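Text of my_file-v4.cif, listed as mmCIF, C-alpha atoms:
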data_input
#
loop_
_atom_site.group_PDB
_atom_site.id
_atom_site.type_symbol
_atom_site.label_atom_id
_atom_site.label_comp_id
_atom_site.auth_asym_id
_atom_site.auth_seq_id
_atom_site.Cartn_x
_atom_site.Cartn_y
_atom_site.Cartn_z
ATOM 1 C CA MET A 1 0.000 0.000 0.000
ATOM 2 C CA LYS A 2 1.376 3.399 -0.997
ATOM 3 C CA LYS A 3 1.904 5.838 1.872
ATOM 4 C CA VAL A 4 1.039 9.477 1.177
ATOM 5 C CA LEU A 5 1.521 12.486 3.443
ATOM 6 C CA THR A 6 -0.731 15.459 2.725
ATOM 7 C CA VAL A 7 0.285 18.829 4.165
ATOM 8 C CA GLN A 8 -2.394 21.535 4.380
ATOM 9 C CA ASP A 9 -4.928 23.147 6.693
ATOM 10 C CA LEU A 10 -7.886 21.511 8.403
ATOM 11 C CA SER A 11 -11.121 23.411 7.843
ATOM 12 C CA CYS A 12 -13.629 21.995 10.324
ATOM 13 C CA VAL A 13 -16.641 22.855 8.116
ATOM 14 C CA GLY A 14 -16.574 22.885 4.320
ATOM 15 C CA CYS A 15 -15.265 20.348 1.807
ATOM 16 C CA CYS A 16 -11.678 21.347 1.158
ATOM 17 C CA SER A 17 -8.070 20.740 2.187
ATOM 18 C CA LEU A 18 -7.617 17.830 4.628
ATOM 19 C CA THR A 19 -11.316 16.956 4.861
ATOM 20 C CA VAL A 20 -11.157 16.222 1.122
ATOM 21 C CA ALA A 21 -7.651 14.793 0.782
ATOM 22 C CA LEU A 22 -7.935 12.170 3.529
ATOM 23 C CA PRO A 23 -11.087 10.388 2.279
ATOM 24 C CA VAL A 24 -10.114 10.670 -1.391
ATOM 25 C CA LEU A 25 -6.636 9.241 -0.968
ATOM 26 C CA SER A 26 -7.962 6.495 1.324
ATOM 27 C CA ALA A 27 -10.626 5.601 -1.243
ATOM 28 C CA MET A 28 -7.891 5.293 -3.867
ATOM 29 C CA GLY A 29 -6.103 2.655 -1.828
ATOM 30 C CA CYS A 30 -3.430 4.849 -0.260
ATOM 31 C CA ARG A 31 -2.502 4.979 3.401
ATOM 32 C CA CYS A 32 -2.979 8.690 3.989
ATOM 33 C CA SER A 33 -1.177 10.543 6.779
ATOM 34 C CA VAL A 34 -1.790 14.208 7.518
ATOM 35 C CA LEU A 35 0.235 17.198 8.663
ATOM 36 C CA PRO A 36 -2.193 20.016 9.554
ATOM 37 C CA THR A 37 -0.706 23.479 9.090
ATOM 38 C CA GLY A 38 -3.614 25.085 10.929
ATOM 39 C CA VAL A 39 -7.189 24.638 12.105
ATOM 40 C CA LEU A 40 -10.007 26.846 10.829
ATOM 41 C CA SER A 41 -13.589 26.817 12.085
ATOM 42 C CA THR A 42 -14.715 26.892 8.432
ATOM 43 C CA HIS A 43 -12.968 27.374 5.119
ATOM 44 C CA THR A 44 -12.388 30.957 4.054
ATOM 45 C CA GLY A 45 -15.490 31.046 1.878
ATOM 46 C CA PHE A 46 -17.415 31.648 5.087
ATOM 47 C CA PRO A 47 -17.021 35.133 6.624
ATOM 48 C CA ASN A 48 -14.533 35.649 9.454
ATOM 49 C CA PRO A 49 -13.544 32.070 10.329
ATOM 50 C CA HIS A 50 -11.660 31.421 13.527
ATOM 51 C CA ARG A 51 -8.063 30.504 12.658
ATOM 52 C CA HIS A 52 -5.471 28.676 14.729
ATOM 53 C CA PRO A 53 -2.114 28.298 12.922
ATOM 54 C CA LEU A 54 0.052 25.297 13.755
ATOM 55 C CA THR A 55 3.232 26.668 12.229
ATOM 56 C CA GLY A 56 5.293 25.972 15.341
ATOM 57 C CA ASP A 57 4.165 22.341 15.433
ATOM 58 C CA ILE A 58 5.289 21.360 11.929
ATOM 59 C CA ALA A 59 8.981 20.816 12.718
ATOM 60 C CA PRO A 60 8.444 18.935 16.034
ATOM 61 C CA ILE A 61 5.895 16.594 14.403
ATOM 62 C CA ALA A 62 8.312 15.880 11.547
ATOM 63 C CA ALA A 63 11.178 15.340 14.014
ATOM 64 C CA HIS A 64 9.159 12.735 15.900
ATOM 65 C CA TRP A 65 8.332 10.936 12.672
ATOM 66 C CA LYS A 66 12.011 10.918 11.764
ATOM 67 C CA SER A 67 12.936 9.452 15.166
ATOM 68 C CA GLN A 68 10.429 6.652 14.581
ATOM 69 C CA GLY A 69 11.660 5.804 11.110
ATOM 70 C CA VAL A 70 8.441 6.921 9.426
ATOM 71 C CA THR A 71 8.615 7.112 5.622
ATOM 72 C CA PHE A 72 6.251 8.137 2.816
ATOM 73 C CA ASP A 73 6.088 7.292 -0.869
ATOM 74 C CA ALA A 74 4.833 10.791 -1.676
ATOM 75 C CA VAL A 75 4.296 14.163 -0.045
ATOM 76 C CA GLN A 76 1.465 16.347 -1.312
ATOM 77 C CA VAL A 77 1.402 20.016 -0.286
ATOM 78 C CA GLY A 78 -1.639 22.297 -0.484
ATOM 79 C CA TYR A 79 -2.586 25.696 0.940
ATOM 80 C CA LEU A 80 -0.087 27.286 3.319
ATOM 81 C CA ALA A 81 -1.139 30.359 5.282
ATOM 82 C CA ASP A 82 2.133 32.274 5.471
ATOM 83 C CA VAL A 83 5.827 32.429 4.653
ATOM 84 C CA ALA A 84 6.859 30.744 7.901
ATOM 85 C CA GLN A 85 4.741 27.697 7.071
ATOM 86 C CA ALA A 86 6.281 27.456 3.617
ATOM 87 C CA GLU A 87 9.744 27.537 5.154
ATOM 88 C CA ALA A 88 8.826 24.838 7.702
ATOM 89 C CA VAL A 89 7.398 22.608 4.983
ATOM 90 C CA GLU A 90 10.690 22.860 3.060
ATOM 91 C CA GLY A 91 12.245 20.849 5.878
ATOM 92 C CA VAL A 92 9.470 18.247 5.725
ATOM 93 C CA ILE A 93 10.010 17.803 2.003
ATOM 94 C CA ARG A 94 13.760 17.403 2.405
ATOM 95 C CA ASP A 95 13.267 14.733 5.081
ATOM 96 C CA PHE A 96 10.353 12.785 3.597
ATOM 97 C CA GLY A 97 9.840 13.803 -0.029
ATOM 98 C CA LYS A 98 10.490 10.753 -2.183
ATOM 99 C CA THR A 99 7.928 12.108 -4.688
ATOM 100 C CA VAL A 100 6.614 15.633 -4.113
ATOM 101 C CA ILE A 101 3.378 17.077 -5.503
ATOM 102 C CA ILE A 102 2.814 20.786 -4.829
ATOM 103 C CA ASP A 103 -0.381 22.746 -5.373
ATOM 104 C CA PRO A 104 0.904 26.313 -4.792
ATOM 105 C CA ALA A 105 -2.538 27.485 -3.664
ATOM 106 C CA MET A 106 -2.240 31.231 -3.248
ATOM 107 C CA GLY A 107 -4.503 33.050 -5.692
ATOM 108 C CA ASP A 108 -7.167 33.173 -8.356
ATOM 109 C CA GLY A 109 -8.670 35.696 -10.733
ATOM 110 C CA GLY A 110 -5.318 37.382 -11.213
ATOM 111 C CA ARG A 111 -4.608 38.195 -7.567
ATOM 112 C CA LEU A 112 -3.390 36.677 -4.295
ATOM 113 C CA TYR A 113 -5.847 35.299 -1.784
ATOM 114 C CA SER A 114 -6.720 37.707 1.015
ATOM 115 C CA GLY A 115 -4.436 37.460 4.006
ATOM 116 C CA LEU A 116 -1.320 36.480 2.051
ATOM 117 C CA THR A 117 1.579 38.917 2.085
ATOM 118 C CA PRO A 118 3.596 40.153 -0.916
ATOM 119 C CA GLU A 119 6.446 37.927 0.314
ATOM 120 C CA HIS A 120 4.374 34.771 -0.092
ATOM 121 C CA PRO A 121 5.060 34.169 -3.819
ATOM 122 C CA GLU A 122 8.824 34.175 -3.251
ATOM 123 C CA ALA A 123 8.456 31.577 -0.496
ATOM 124 C CA MET A 124 6.304 29.435 -2.793
ATOM 125 C CA LYS A 125 8.910 29.710 -5.551
ATOM 126 C CA ARG A 126 11.493 28.186 -3.227
ATOM 127 C CA LEU A 127 9.058 25.433 -2.316
ATOM 128 C CA CYS A 128 8.210 24.718 -5.955
ATOM 129 C CA ARG A 129 11.880 24.138 -6.725
ATOM 130 C CA LEU A 130 11.638 21.092 -4.438
ATOM 131 C CA GLY A 131 8.570 19.711 -6.224
ATOM 132 C CA ASP A 132 8.466 16.872 -8.732
ATOM 133 C CA TYR A 133 4.962 17.771 -9.934
ATOM 134 C CA LEU A 134 3.408 21.253 -9.767
ATOM 135 C CA LEU A 135 -0.338 21.961 -9.968
ATOM 136 C CA PRO A 136 -0.854 25.744 -10.218
ATOM 137 C CA ASN A 137 -3.900 27.433 -11.677
ATOM 138 C CA VAL A 138 -3.359 30.134 -14.303
ATOM 139 C CA THR A 139 -3.129 32.911 -11.697
ATOM 140 C CA GLU A 140 -0.582 31.041 -9.595
ATOM 141 C CA ALA A 141 1.533 30.105 -12.606
ATOM 142 C CA ALA A 142 1.563 33.739 -13.738
ATOM 143 C CA ILE A 143 2.561 34.975 -10.275
ATOM 144 C CA LEU A 144 5.294 32.362 -9.884
ATOM 145 C CA THR A 145 6.799 33.006 -13.329
ATOM 146 C CA GLY A 146 6.393 36.789 -13.387
ATOM 147 C CA MET A 147 4.168 36.704 -16.455
ATOM 148 C CA PRO A 148 1.101 38.957 -16.747
ATOM 149 C CA TYR A 149 -2.188 37.265 -15.945
ATOM 150 C CA GLU A 150 -4.553 36.462 -18.821
ATOM 151 C CA ALA A 151 -8.132 35.546 -17.956
ATOM 152 C CA ASN A 152 -8.691 33.936 -21.384
ATOM 153 C CA PRO A 153 -5.235 32.574 -22.206
ATOM 154 C CA LYS A 154 -4.203 31.686 -25.734
ATOM 155 C CA GLU A 155 -2.146 28.626 -26.610
ATOM 156 C CA ALA A 156 1.156 30.511 -26.955
ATOM 157 C CA TYR A 157 0.681 32.079 -23.516
ATOM 158 C CA LEU A 158 -0.070 28.718 -21.914
ATOM 159 C CA HIS A 159 2.935 27.132 -23.633
ATOM 160 C CA ALA A 160 5.162 29.884 -22.182
ATOM 161 C CA LEU A 161 3.648 29.416 -18.720
ATOM 162 C CA GLY A 162 4.251 25.679 -18.864
ATOM 163 C CA GLU A 163 7.870 26.066 -19.984
ATOM 164 C CA LYS A 164 8.601 28.614 -17.264
ATOM 165 C CA MET A 165 7.032 26.400 -14.617
ATOM 166 C CA LEU A 166 9.097 23.422 -15.794
ATOM 167 C CA ALA A 167 12.176 25.611 -15.336
ATOM 168 C CA PHE A 168 11.679 25.227 -11.575
ATOM 169 C CA GLY A 169 13.013 21.708 -12.113
ATOM 170 C CA ALA A 170 9.767 19.737 -12.064
ATOM 171 C CA LYS A 171 9.171 16.466 -13.883
ATOM 172 C CA GLY A 172 5.705 17.646 -14.824
ATOM 173 C CA VAL A 173 3.363 20.624 -14.558
ATOM 174 C CA VAL A 174 -0.420 20.745 -14.766
ATOM 175 C CA ILE A 175 -1.952 24.218 -15.082
ATOM 176 C CA THR A 176 -5.581 24.050 -14.004
ATOM 177 C CA GLY A 177 -8.617 26.275 -14.457
ATOM 178 C CA VAL A 178 -7.868 27.029 -18.105
ATOM 179 C CA THR A 179 -10.904 28.563 -19.810
ATOM 180 C CA GLY A 180 -11.271 27.830 -23.496
ATOM 181 C CA LYS A 181 -13.515 28.738 -26.398
ATOM 182 C CA ASN A 182 -17.211 27.874 -26.455
ATOM 183 C CA GLY A 183 -17.554 27.616 -22.685
ATOM 184 C CA THR A 184 -14.985 24.931 -21.972
ATOM 185 C CA ILE A 185 -12.660 24.574 -19.011
ATOM 186 C CA GLY A 186 -9.742 22.241 -18.455
ATOM 187 C CA PHE A 187 -6.004 22.038 -17.960
ATOM 188 C CA VAL A 188 -2.727 21.977 -19.829
ATOM 189 C CA ALA A 189 -0.005 19.480 -18.936
ATOM 190 C CA ALA A 190 3.680 19.867 -19.697
ATOM 191 C CA GLU A 191 6.652 17.551 -19.300
ATOM 192 C CA PRO A 192 10.282 18.249 -20.257
ATOM 193 C CA GLY A 193 10.859 17.570 -23.939
ATOM 194 C CA GLN A 194 7.291 16.359 -24.537
ATOM 195 C CA GLY A 195 5.482 19.573 -25.374
ATOM 196 C CA MET A 196 2.107 20.587 -24.018
ATOM 197 C CA LYS A 197 -1.116 18.563 -23.903
ATOM 198 C CA THR A 198 -4.587 19.960 -23.292
ATOM 199 C CA TYR A 199 -7.795 18.617 -21.797
ATOM 200 C CA GLU A 200 -11.177 20.344 -22.019
ATOM 201 C CA VAL A 201 -14.697 19.655 -20.827
ATOM 202 C CA SER A 202 -17.906 21.666 -21.015
ATOM 203 C CA CYS A 203 -17.965 24.134 -18.163
ATOM 204 C CA ILE A 204 -20.770 23.572 -15.642
ATOM 205 C CA PRO A 205 -21.744 27.126 -14.597
ATOM 206 C CA ARG A 206 -21.350 26.618 -10.860
ATOM 207 C CA GLN A 207 -18.536 27.688 -8.579
ATOM 208 C CA PHE A 208 -17.541 25.874 -5.417
ATOM 209 C CA HIS A 209 -14.751 26.009 -2.880
ATOM 210 C CA GLY A 210 -12.396 23.040 -2.658
ATOM 211 C CA THR A 211 -12.433 21.743 -6.229
ATOM 212 C CA GLY A 212 -8.713 22.450 -6.604
ATOM 213 C CA ASP A 213 -8.059 20.403 -3.472
ATOM 214 C CA LEU A 214 -10.129 17.569 -4.939
ATOM 215 C CA PHE A 215 -8.137 17.697 -8.161
ATOM 216 C CA ALA A 216 -4.817 17.594 -6.295
ATOM 217 C CA ALA A 217 -5.883 14.650 -4.124
ATOM 218 C CA VAL A 218 -7.102 12.499 -7.009
ATOM 219 C CA PHE A 219 -4.063 13.425 -9.101
ATOM 220 C CA THR A 220 -1.759 12.383 -6.259
ATOM 221 C CA GLY A 221 -3.578 9.106 -5.671
ATOM 222 C CA ALA A 222 -3.476 8.172 -9.345
ATOM 223 C CA LEU A 223 0.152 9.196 -9.754
ATOM 224 C CA VAL A 224 1.472 7.132 -6.836
ATOM 225 C CA GLN A 225 -0.481 4.128 -8.117
ATOM 226 C CA GLY A 226 1.462 4.297 -11.385
ATOM 227 C CA ALA A 227 -0.543 6.564 -13.700
ATOM 228 C CA THR A 228 1.198 8.846 -16.165
ATOM 229 C CA LEU A 229 1.029 12.609 -15.664
ATOM 230 C CA MET A 230 -1.711 13.009 -18.277
ATOM 231 C CA ALA A 231 -3.729 10.005 -17.073
ATOM 232 C CA ALA A 232 -3.579 11.222 -13.460
ATOM 233 C CA ALA A 233 -4.684 14.717 -14.478
ATOM 234 C CA GLU A 234 -7.531 13.396 -16.636
ATOM 235 C CA LYS A 235 -8.745 11.171 -13.796
ATOM 236 C CA ALA A 236 -8.664 14.142 -11.425
ATOM 237 C CA ALA A 237 -10.499 16.433 -13.832
ATOM 238 C CA GLY A 238 -13.122 13.789 -14.537
ATOM 239 C CA PHE A 239 -13.773 13.241 -10.851
ATOM 240 C CA VAL A 240 -14.145 16.964 -10.156
ATOM 241 C CA GLU A 241 -16.566 17.246 -13.081
ATOM 242 C CA LYS A 242 -18.687 14.393 -11.678
ATOM 243 C CA CYS A 243 -18.727 15.976 -8.215
ATOM 244 C CA ILE A 244 -19.866 19.351 -9.569
ATOM 245 C CA ALA A 245 -22.571 17.681 -11.657
ATOM 246 C CA ALA A 246 -23.772 15.810 -8.555
ATOM 247 C CA THR A 247 -24.167 19.066 -6.597
ATOM 248 C CA ARG A 248 -27.463 20.592 -7.641
ATOM 249 C CA GLU A 249 -27.186 24.016 -6.030
ATOM 250 C CA PRO A 250 -24.240 26.285 -5.179
ATOM 251 C CA THR A 251 -23.420 25.918 -1.505
ATOM 252 C CA PRO A 252 -20.593 27.203 0.712
ATOM 253 C CA TYR A 253 -20.140 23.661 2.005
ATOM 254 C CA GLY A 254 -18.531 22.538 -1.268
ATOM 255 C CA VAL A 255 -19.312 19.825 -3.777
ATOM 256 C CA ASN A 256 -21.019 16.520 -3.103
ATOM 257 C CA PHE A 257 -17.838 14.495 -3.464
ATOM 258 C CA GLU A 258 -18.859 11.888 -0.910
ATOM 259 C CA SER A 259 -21.472 10.354 -3.225
ATOM 260 C CA GLN A 260 -18.829 9.960 -5.930
ATOM 261 C CA LEU A 261 -16.133 8.263 -3.826
ATOM 262 C CA PRO A 262 -17.149 4.730 -4.907
ATOM 263 C CA SER A 263 -16.096 5.572 -8.473
ATOM 264 C CA LEU A 264 -12.517 5.931 -7.274
ATOM 265 C CA TYR A 265 -12.495 2.233 -6.366
ATOM 266 C CA GLU A 266 -13.263 1.187 -9.917
ATOM 267 C CA PRO A 267 -10.231 -0.317 -11.713
ATOM 268 C CA SER A 268 -9.079 1.886 -14.583
ATOM 269 C CA LYS A 269 -6.850 0.783 -17.417
ATOM 270 C CA GLU A 270 -4.129 3.349 -16.684
ATOM 271 C CA LEU A 271 -3.635 1.877 -13.223
ATOM 272 C CA LEU A 272 -3.594 -1.819 -14.151
#

Produce structure tokens that represent the structure in this file.
Amino acid sequence: MKKVLTVQDLSCVGCCSLTVALPVLSAMGCRCSVLPTGVLSTHTGFPNPHRHPLTGDIAPIAAHWKSQGVTFDAVQVGYLADVAQAEAVEGVIRDFGKTVIIDPAMGDGGRLYSGLTPEHPEAMKRLCRLGDYLLPNVTEAAILTGMPYEANPKEAYLHALGEKMLAFGAKGVVITGVTGKNGTIGFVAAEPGQGMKTYEVSCIPRQFHGTGDLFAAVFTGALVQGATLMAAAEKAAGFVEKCIAATREPTPYGVNFESQLPSLYEPSKELL
């Protein structure tokens, strides 16, 4: 059984971060361990959540694991609340990161998430240089590479983003949330020397918190089970699409991913 460590916050209410990653990775046959970077009463889509950062606990937890000989096949990193957390997680990756998947969750719509400082992107750049696979959205890729943000990116722009993200040293990059012509949405995937591949589906006109976390969890589960970069990304995108379709009305609680978990047990040809 593959052992995966997921590093991100725990939102007590709302389907995102650890409350998504733990059941998804478990459903995919992985032994999932968690490293909470903080506890929030709800995710940040609710107004004024109570926040309790666990920045000072990251290093002692990792030190205890190290003393006990704990190992992981992969480390997946999600949202980090500040620069100090990013720096602490660098140490975790160096100690436990056999395969490292990083979702540099820090912005959307061309700007940083509220509460993040101007120093945050530089800290995430350092973290991304330790990653094997990077999963930014278009905003995050633009911020990390210093390129201007384009809400409706053309192919040449996406190709440049992918190449610049690969320059961090990653084995593969998946840029998510790419809007296309005729109401499509999808991703572009890039690997060194293999060009850029695209994936598009019809956009369901609903917006929910936590879909990026869902994508990252399914991608990680598929990847550690032996899927290629493109197969893992397609599986993740397909699962997110099914979860959105299964959620009839927009809700701050997130998508109805629980009803779709059984589909992750189904054998798929890319994992056989």

Expand the PyMOL selection byres ((chain A and resi 132) around 7) into the individual residues it matches in the shown file, reporting them as a PDB file with C-alpha atoms, in the frame of the given file.
ATOM      1  CA  THR A  99       7.928  12.108  -4.688  1.00  0.00           C
ATOM      2  CA  VAL A 100       6.614  15.633  -4.113  1.00  0.00           C
ATOM      3  CA  ILE A 101       3.378  17.077  -5.503  1.00  0.00           C
ATOM      4  CA  LEU A 130      11.638  21.092  -4.438  1.00  0.00           C
ATOM      5  CA  GLY A 131       8.570  19.711  -6.224  1.00  0.00           C
ATOM      6  CA  TYR A 133       4.962  17.771  -9.934  1.00  0.00           C
ATOM      7  CA  LEU A 134       3.408  21.253  -9.767  1.00  0.00           C
ATOM      8  CA  ALA A 170       9.767  19.737 -12.064  1.00  0.00           C
ATOM      9  CA  LYS A 171       9.171  16.466 -13.883  1.00  0.00           C
ATOM     10  CA  GLY A 172       5.705  17.646 -14.824  1.00  0.00           C
TER      11      GLY A 172
END

Q: Could you expand the PyMOL selection byres ((chain A and resi 52) around 10) into the explicit residues it covers here, written as a PyMOL selection string?
A: chain A and resi 9-10+37-41+49-51+53-55

Q.
At a cut-off of 12 Å, using all atoms listed in the file, what residues contact Pro136 in chain A? Leave out same-chain residues fewer than 2 positions from it and give the result as an MDAnalysis selection string.
A. chainID A and resid 77:79 101:108 124:125 128 131 133:134 138:145 161:162 165:166 172:178 187:189 212:213 215:216

Coordinates of box centre and edge lengths for range 130-143 of chain A, 5 Å on every side, axis-aligned, as AutoDock Vina command-line options:
--center_x 3.9 --center_y 25.9 --center_z -9.4 --size_x 25.5 --size_y 28.1 --size_z 19.9

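Picture a line from CA of Gly238 in chain A to CA of Arg111 in chain A; it runs 26.8 Å.
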
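Closest approach to Asp82 in chain A among A:Ile58, A:Gly183, A:Pro47, A:Pro121 is made by A:Pro121 (distances from all atoms listed in the file).
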
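Here CA of Ala156 in chain A and CA of Gln76 in chain A stand 29.3 Å from one another.
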
(Q) I'd like the contact shell of Cys243 in chain A - 9 Å cut-off, all atoms listed in the file, skipping same-chain residues fewer than 3 positions apart - returned as a PyMOL selection string. (A) chain A and resi 211+238-240+246-247+255-260

Q: Let me know the residues the PyMOL selection byres ((chain A and resi 251) around 12) catches in the file above, as JSON, numbers by chain.
A: {"A": [14, 15, 45, 46, 206, 207, 208, 209, 210, 244, 247, 248, 249, 250, 252, 253, 254, 255, 256]}

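In terms of minimum interatomic distance to Ala62 in chain A, A:Ser33 ranks closest within A:Thr42, A:Thr117, A:Ser33, A:Ser17, counting all atoms listed in the file.
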
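Here CA of Val218 in chain A and CA of Gly97 in chain A stand 18.4 Å from one another.
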
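Residues within 10 Å of Leu223 in chain A, counting only C-alpha atoms and excluding same-chain residues fewer than 4 positions away, are Ala74, Thr99, Ile101, Tyr133, Ala217, Val218, Phe219, Ala227, Thr228, Leu229, Met230, Ala231, Ala232, Ala233, Lys235 and Leu271 of chain A.
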
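Checking A:Ala160, A:Ala21, A:Ile204, A:Ala27 one by one against Gly146 in chain A, counting only C-alpha atoms, you find the shortest gap at A:Ala160.
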
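Nearest to Thr6 in chain A of all the residues A:Met147, A:Ala84, A:Ala245, A:Cys32 is A:Cys32, based on all atoms listed in the file.
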
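Of the residues listed (A:Pro205, A:Leu80, A:Val4, A:Val13), A:Leu80 shows the shortest atom-to-atom separation from Tyr113 in chain A; distances use all atoms listed in the file.
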